[in-house]
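Student: Enclosed is the structure file input18.cif (mmCIF, C-alpha atoms, pLDDT in the B column; chains and numbers go by the auth columns).
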data_coords
loop_
_atom_site.group_PDB
_atom_site.id
_atom_site.type_symbol
_atom_site.label_atom_id
_atom_site.label_comp_id
_atom_site.label_asym_id
_atom_site.label_seq_id
_atom_site.Cartn_x
_atom_site.Cartn_y
_atom_site.Cartn_z
_atom_site.B_iso_or_equiv
_atom_site.auth_seq_id
_atom_site.auth_asym_id
ATOM 1 C CA MET A 1 11.447 2.648 53.065 88.00 128 A
ATOM 2 C CA GLU A 2 14.081 0.736 51.158 93.00 129 A
ATOM 3 C CA ILE A 3 13.229 -2.054 48.721 95.00 130 A
ATOM 4 C CA ARG A 4 16.035 -4.211 47.422 95.00 131 A
ATOM 5 C CA LYS A 5 16.880 -7.678 46.221 95.00 132 A
ATOM 6 C CA LEU A 6 17.885 -9.929 49.098 95.00 133 A
ATOM 7 C CA THR A 7 21.187 -11.762 49.204 93.00 134 A
ATOM 8 C CA GLN A 8 21.282 -15.530 49.717 93.00 135 A
ATOM 9 C CA PRO A 9 22.285 -15.153 53.410 94.00 136 A
ATOM 10 C CA GLU A 10 19.254 -12.880 53.986 94.00 137 A
ATOM 11 C CA LYS A 11 16.723 -15.320 52.552 95.00 138 A
ATOM 12 C CA PRO A 12 16.343 -17.545 55.667 94.00 139 A
ATOM 13 C CA SER A 13 15.207 -14.594 57.806 93.00 140 A
ATOM 14 C CA ALA A 14 12.841 -13.570 55.005 96.00 141 A
ATOM 15 C CA MET A 15 11.345 -17.082 55.069 96.00 142 A
ATOM 16 C CA CYS A 16 10.786 -16.662 58.818 95.00 143 A
ATOM 17 C CA LEU A 17 8.689 -13.553 58.106 94.00 144 A
ATOM 18 C CA VAL A 18 6.829 -15.471 55.381 95.00 145 A
ATOM 19 C CA TRP A 19 6.110 -18.366 57.759 97.00 146 A
ATOM 20 C CA ASP A 20 4.897 -16.096 60.570 95.00 147 A
ATOM 21 C CA VAL A 21 2.504 -14.189 58.281 94.00 148 A
ATOM 22 C CA PHE A 22 1.318 -17.441 56.674 95.00 149 A
ATOM 23 C CA LEU A 23 0.510 -18.958 60.078 94.00 150 A
ATOM 24 C CA GLU A 24 -1.394 -15.891 61.220 92.00 151 A
ATOM 25 C CA PHE A 25 -3.423 -15.103 58.107 90.00 152 A
ATOM 26 C CA GLU A 26 -3.479 -18.089 55.779 90.00 153 A
ATOM 27 C CA ALA A 27 -2.888 -21.438 57.466 92.00 154 A
ATOM 28 C CA HIS A 28 -6.501 -21.661 58.656 90.00 155 A
ATOM 29 C CA ASP A 29 -7.602 -21.801 54.980 88.00 156 A
ATOM 30 C CA TYR A 30 -5.633 -25.012 54.423 91.00 157 A
ATOM 31 C CA VAL A 31 -5.818 -28.618 55.520 93.00 158 A
ATOM 32 C CA GLU A 32 -2.807 -30.057 57.343 94.00 159 A
ATOM 33 C CA GLU A 33 -1.330 -31.293 54.050 95.00 160 A
ATOM 34 C CA GLY A 34 -1.414 -27.770 52.609 93.00 161 A
ATOM 35 C CA VAL A 35 0.341 -26.261 55.624 94.00 162 A
ATOM 36 C CA ALA A 36 3.016 -28.963 55.376 95.00 163 A
ATOM 37 C CA THR A 37 3.404 -28.383 51.622 95.00 164 A
ATOM 38 C CA PHE A 38 3.939 -24.671 52.190 94.00 165 A
ATOM 39 C CA ARG A 39 6.358 -25.228 55.074 96.00 166 A
ATOM 40 C CA ASP A 40 8.366 -27.714 53.028 95.00 167 A
ATOM 41 C CA PHE A 41 8.598 -25.253 50.122 95.00 168 A
ATOM 42 C CA ILE A 42 9.924 -22.331 52.164 94.00 169 A
ATOM 43 C CA ASN A 43 12.358 -24.649 53.964 95.00 170 A
ATOM 44 C CA ASP A 44 13.727 -26.126 50.723 94.00 171 A
ATOM 45 C CA GLU A 45 17.046 -24.332 50.211 92.00 172 A
ATOM 46 C CA SER A 46 17.296 -25.125 46.499 92.00 173 A
ATOM 47 C CA SER A 47 13.762 -23.858 45.805 92.00 174 A
ATOM 48 C CA ILE A 48 14.344 -20.605 47.689 93.00 175 A
ATOM 49 C CA LYS A 49 17.804 -20.143 46.175 93.00 176 A
ATOM 50 C CA ALA A 50 16.206 -20.202 42.700 93.00 177 A
ATOM 51 C CA LEU A 51 13.845 -17.327 43.563 94.00 178 A
ATOM 52 C CA ALA A 52 14.496 -13.619 43.105 94.00 179 A
ATOM 53 C CA VAL A 53 13.476 -12.313 46.537 96.00 180 A
ATOM 54 C CA TYR A 54 12.898 -8.622 47.229 97.00 181 A
ATOM 55 C CA GLY A 55 12.529 -7.178 50.703 96.00 182 A
ATOM 56 C CA ALA A 56 10.960 -3.965 51.952 95.00 183 A
ATOM 57 C CA PHE A 57 12.823 -2.502 54.915 94.00 184 A
ATOM 58 C CA GLU A 58 11.638 0.128 57.369 89.00 185 A
ATOM 59 C CA LYS A 59 14.305 1.367 59.757 88.00 186 A
ATOM 60 C CA ARG A 60 16.473 -1.609 58.736 89.00 187 A
ATOM 61 C CA LYS A 61 13.732 -4.059 59.732 91.00 188 A
ATOM 62 C CA LEU A 62 12.235 -6.407 57.135 93.00 189 A
ATOM 63 C CA ALA A 63 8.590 -5.411 56.645 94.00 190 A
ATOM 64 C CA GLY A 64 7.610 -7.423 53.575 95.00 191 A
ATOM 65 C CA VAL A 65 8.791 -9.895 50.956 97.00 192 A
ATOM 66 C CA ILE A 66 7.935 -10.679 47.359 97.00 193 A
ATOM 67 C CA ALA A 67 9.623 -13.498 45.440 96.00 194 A
ATOM 68 C CA THR A 68 9.483 -14.433 41.769 95.00 195 A
ATOM 69 C CA ARG A 69 10.637 -17.233 39.543 90.00 196 A
ATOM 70 C CA ASN A 70 10.904 -17.714 35.788 83.00 197 A
ATOM 71 C CA GLY A 71 12.683 -14.404 35.287 82.00 198 A
ATOM 72 C CA GLY A 72 10.062 -12.442 37.172 84.00 199 A
ATOM 73 C CA ASN A 73 7.137 -13.967 35.275 92.00 200 A
ATOM 74 C CA HIS A 74 5.555 -15.698 38.292 95.00 201 A
ATOM 75 C CA ILE A 75 5.068 -14.512 41.876 96.00 202 A
ATOM 76 C CA ALA A 76 5.875 -17.390 44.225 96.00 203 A
ATOM 77 C CA LEU A 77 5.664 -15.563 47.582 97.00 204 A
ATOM 78 C CA PHE A 78 4.143 -12.229 48.657 96.00 205 A
ATOM 79 C CA PHE A 79 3.897 -11.438 52.373 94.00 206 A
ATOM 80 C CA VAL A 80 3.841 -8.263 54.469 94.00 207 A
ATOM 81 C CA HIS A 81 4.259 -8.274 58.252 92.00 208 A
ATOM 82 C CA LYS A 82 0.930 -7.722 60.053 85.00 209 A
ATOM 83 C CA ASP A 83 2.082 -4.431 61.616 81.00 210 A
ATOM 84 C CA CYS A 84 2.989 -3.081 58.171 76.00 211 A
ATOM 85 C CA GLN A 85 -0.096 -4.053 56.164 80.00 212 A
ATOM 86 C CA ARG A 86 -2.360 -1.455 54.524 81.00 213 A
ATOM 87 C CA ARG A 87 0.462 1.059 54.210 81.00 214 A
ATOM 88 C CA GLY A 88 1.410 0.595 50.547 87.00 215 A
ATOM 89 C CA ILE A 89 4.350 -1.714 51.174 93.00 216 A
ATOM 90 C CA GLY A 90 2.839 -4.551 49.157 92.00 217 A
ATOM 91 C CA ARG A 91 2.117 -2.217 46.233 93.00 218 A
ATOM 92 C CA LYS A 92 5.719 -0.967 46.278 95.00 219 A
ATOM 93 C CA LEU A 93 7.016 -4.536 46.354 95.00 220 A
ATOM 94 C CA PHE A 94 4.810 -5.410 43.375 95.00 221 A
ATOM 95 C CA GLU A 95 5.987 -2.310 41.494 94.00 222 A
ATOM 96 C CA THR A 96 9.543 -3.573 42.026 94.00 223 A
ATOM 97 C CA VAL A 97 8.563 -6.859 40.370 94.00 224 A
ATOM 98 C CA LEU A 98 7.037 -4.936 37.437 93.00 225 A
ATOM 99 C CA GLU A 99 10.255 -2.945 37.029 91.00 226 A
ATOM 100 C CA ASN A 100 12.398 -6.084 37.069 90.00 227 A
ATOM 101 C CA SER A 101 10.260 -8.398 34.934 89.00 228 A
ATOM 102 C CA THR A 102 10.753 -8.426 31.194 85.00 229 A
ATOM 103 C CA SER A 103 7.542 -10.369 30.647 88.00 230 A
ATOM 104 C CA LYS A 104 4.308 -8.758 29.503 91.00 231 A
ATOM 105 C CA VAL A 105 2.335 -11.192 31.697 94.00 232 A
ATOM 106 C CA ILE A 106 2.948 -11.953 35.360 96.00 233 A
ATOM 107 C CA THR A 107 1.147 -14.907 36.920 96.00 234 A
ATOM 108 C CA VAL A 108 0.382 -15.969 40.478 97.00 235 A
ATOM 109 C CA ASN A 109 -1.474 -18.773 42.217 96.00 236 A
ATOM 110 C CA SER A 110 -3.239 -16.686 44.838 95.00 237 A
ATOM 111 C CA SER A 111 -4.198 -17.980 48.241 94.00 238 A
ATOM 112 C CA PRO A 112 -7.807 -17.360 49.290 92.00 239 A
ATOM 113 C CA TYR A 113 -6.567 -14.644 51.668 91.00 240 A
ATOM 114 C CA ALA A 114 -4.745 -12.698 48.933 93.00 241 A
ATOM 115 C CA THR A 115 -7.181 -12.756 45.986 94.00 242 A
ATOM 116 C CA GLU A 116 -8.682 -9.388 46.905 93.00 243 A
ATOM 117 C CA ILE A 117 -5.213 -7.863 47.193 91.00 244 A
ATOM 118 C CA TYR A 118 -4.213 -9.175 43.776 95.00 245 A
ATOM 119 C CA HIS A 119 -7.445 -7.872 42.250 95.00 246 A
ATOM 120 C CA LYS A 120 -6.639 -4.402 43.657 93.00 247 A
ATOM 121 C CA LEU A 121 -3.209 -4.623 42.024 94.00 248 A
ATOM 122 C CA GLY A 122 -4.837 -5.325 38.643 94.00 249 A
ATOM 123 C CA PHE A 123 -4.718 -9.125 38.423 96.00 250 A
ATOM 124 C CA SER A 124 -7.586 -11.090 36.914 96.00 251 A
ATOM 125 C CA ASP A 125 -8.594 -14.695 37.542 97.00 252 A
ATOM 126 C CA THR A 126 -7.651 -17.157 34.821 96.00 253 A
ATOM 127 C CA GLY A 127 -9.564 -20.077 36.305 95.00 254 A
ATOM 128 C CA ALA A 128 -11.568 -21.308 39.252 96.00 255 A
ATOM 129 C CA GLU A 129 -10.058 -22.031 42.653 95.00 256 A
ATOM 130 C CA ARG A 130 -8.105 -25.269 42.735 95.00 257 A
ATOM 131 C CA THR A 131 -6.405 -27.417 45.365 94.00 258 A
ATOM 132 C CA THR A 132 -3.050 -29.132 44.859 94.00 259 A
ATOM 133 C CA ASN A 133 -1.229 -30.961 47.653 95.00 260 A
ATOM 134 C CA GLY A 134 -3.631 -29.373 50.128 93.00 261 A
ATOM 135 C CA MET A 135 -2.901 -25.835 48.874 93.00 262 A
ATOM 136 C CA ARG A 136 -5.954 -23.817 47.792 93.00 263 A
ATOM 137 C CA TYR A 137 -5.284 -21.224 45.103 96.00 264 A
ATOM 138 C CA THR A 138 -6.829 -19.223 42.301 97.00 265 A
ATOM 139 C CA PRO A 139 -4.694 -18.873 39.161 97.00 266 A
ATOM 140 C CA MET A 140 -4.387 -15.215 38.148 97.00 267 A
ATOM 141 C CA LYS A 141 -2.512 -13.011 35.719 97.00 268 A
ATOM 142 C CA TYR A 142 -1.467 -9.395 35.337 95.00 269 A
ATOM 143 C CA VAL A 143 -1.023 -8.043 31.818 94.00 270 A
ATOM 144 C CA LYS A 144 1.201 -4.955 31.763 87.00 271 A
ATOM 145 C CA ASP A 145 -0.294 -3.323 28.652 76.00 272 A
ATOM 146 C CA GLU A 146 -3.848 -3.656 29.975 64.00 273 A
ATOM 147 C CA GLN A 147 -3.235 -1.616 33.115 60.00 274 A
ATOM 148 C CA PRO A 148 -3.768 2.134 33.424 54.00 275 A
ATOM 149 C CA VAL A 149 -0.607 4.200 33.543 45.00 276 A
#
Would you mind writing the file's structure down as structure tokens?
Tutor:
Amino acid sequence: MEIRKLTQPEKPSAMCLVWDVFLEFEAHDYVEEGVATFRDFINDESSIKALAVYGAFEKRKLAGVIATRNGGNHIALFFVHKDCQRRGIGRKLFETVLENSTSKVITVNSSPYATEIYHKLGFSDTGAERTTNGMRYTPMKYVKDEQPV
């Protein structure tokens, strides 16, 4: 498996993977407004251009994506193709974020579907579930120094 930062021309195909996984596993947790909010975000070129997007490739095929903003301090997107889940790809993508972030704390607004995954990675909740623009999320953080080596 190869994990690397995606180039700008590669980001649209990465957003297609994100959209497909979102529709299959997450969209049912959101009202119509939330689905539209998410779709608008991943289709907004300037928003996606501002993200550092890393892709996991197996046999040259994109298997998963993680994207950060604020210099790697906040995870904005984290999706693994359904055929590639539960094989450590997500963990390797997250480890790439840890290696590339200079911040001691990494935050995420986790979807209901992903909270268990983030907990397994060492994140803790920083508040109760919220809804903004139809998007349900639980604010979470990962503190590097508090994790076992």
Student: Report as JSON, numbers by chain the residues that result from applying the PyMOL selection byres ((chain A and resi 256-267) around 9) to the structure here.
Tutor: {"A": [156, 157, 158, 159, 160, 161, 162, 163, 164, 165, 233, 234, 235, 236, 237, 238, 239, 242, 245, 246, 250, 251, 252, 253, 254, 255, 268, 269]}
Student: Could you tell me how far atom CA of A:Ile202 sits from atom CA of A:Ile216, in Å to one decimal place?
Tutor: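 Going from atom CA of A:Ile216 over to atom CA of A:Ile202 covers 15.8 Å.
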Student: Point out the residue among A:Ile169, A:Ala183, A:Val232, A:Ala141 with the least atom-to-atom distance to A:Gly215, counting all atoms listed in the file.
Tutor: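 Of all the options, A:Ala183 lies closest to A:Gly215.
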Student: Since I can't run it myself right now, could you work out what the PyMOL selection byres ((chain A and resi 179) around 10) selects here and report it as a list in words?
Tutor: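 Checked against the file, the PyMOL selection byres ((chain A and resi 179) around 10) matches Lys132, Leu133, Thr134, Gln135, Lys138, Ile175, Lys176, Ala177, Leu178, Val180, Tyr181, Ile193, Ala194, Thr195, Arg196, Asn197, Gly198, Gly199, Ile202, Ala203, Val224 and Asn227 of chain A.
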Student: For atom CA of A:Arg131 and atom CA of A:Phe184, determine how far apart the two atoms are, in Å to one decimal place.
Tutor: 8.3 Å
Student: Given the choices A:Lys231, A:Ala154, A:Ser173, A:Ala241, which gets closest to A:Leu204 if the distance is worked out from all atoms listed in the file?
Tutor: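 Counting all atoms listed in the file, the residue closest to A:Leu204 is A:Ala241.
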Student: Quick one: which residues end up in the PyMOL selection byres ((chain A and resi 129) around 10) for this structure, as a ChimeraX atom specification?
Tutor: /A:128,130-131,182-190,219
Student: To box stretch 159-164 of chain A, take all atoms listed in the file, fit an axis-aligned box, add 4 Å on each side, and give centre and edge lengths in Å to one decimal, as AutoDock Vina command-line options.
Tutor:
--center_x 0.3 --center_y -28.8 --center_z 54.5 --size_x 14.2 --size_y 13.0 --size_z 13.7
Student: Distance atom CA of A:Phe206-atom CA of A:Val192, one decimal place?
Tutor: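 Pair atom CA of A:Phe206 / atom CA of A:Val192 returns 5.3 Å.
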Student: Compare A:Leu144, A:Leu150, A:Ile244, A:Val270 by their minimum atom-to-atom distance to A:Arg213, counting only C-alpha atoms, and give me the closest one.
Tutor: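 Closest candidate: A:Ile244.
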Student: Measuring between all atoms listed in the file, which one of A:Ser174, A:Asn200, A:Gln212, A:Ser140 shows the shortest distance to A:Ser228?
Tutor: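 Using all atoms listed in the file, the shortest distance to A:Ser228 belongs to A:Asn200.
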Student: Calculated over all atoms listed in the file, which of the candidates A:Glu151, A:Gly191, A:His201, A:Asp210 has the smallest distance to A:Thr229?
Tutor: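 Using all atoms listed in the file, the shortest distance to A:Thr229 belongs to A:His201.
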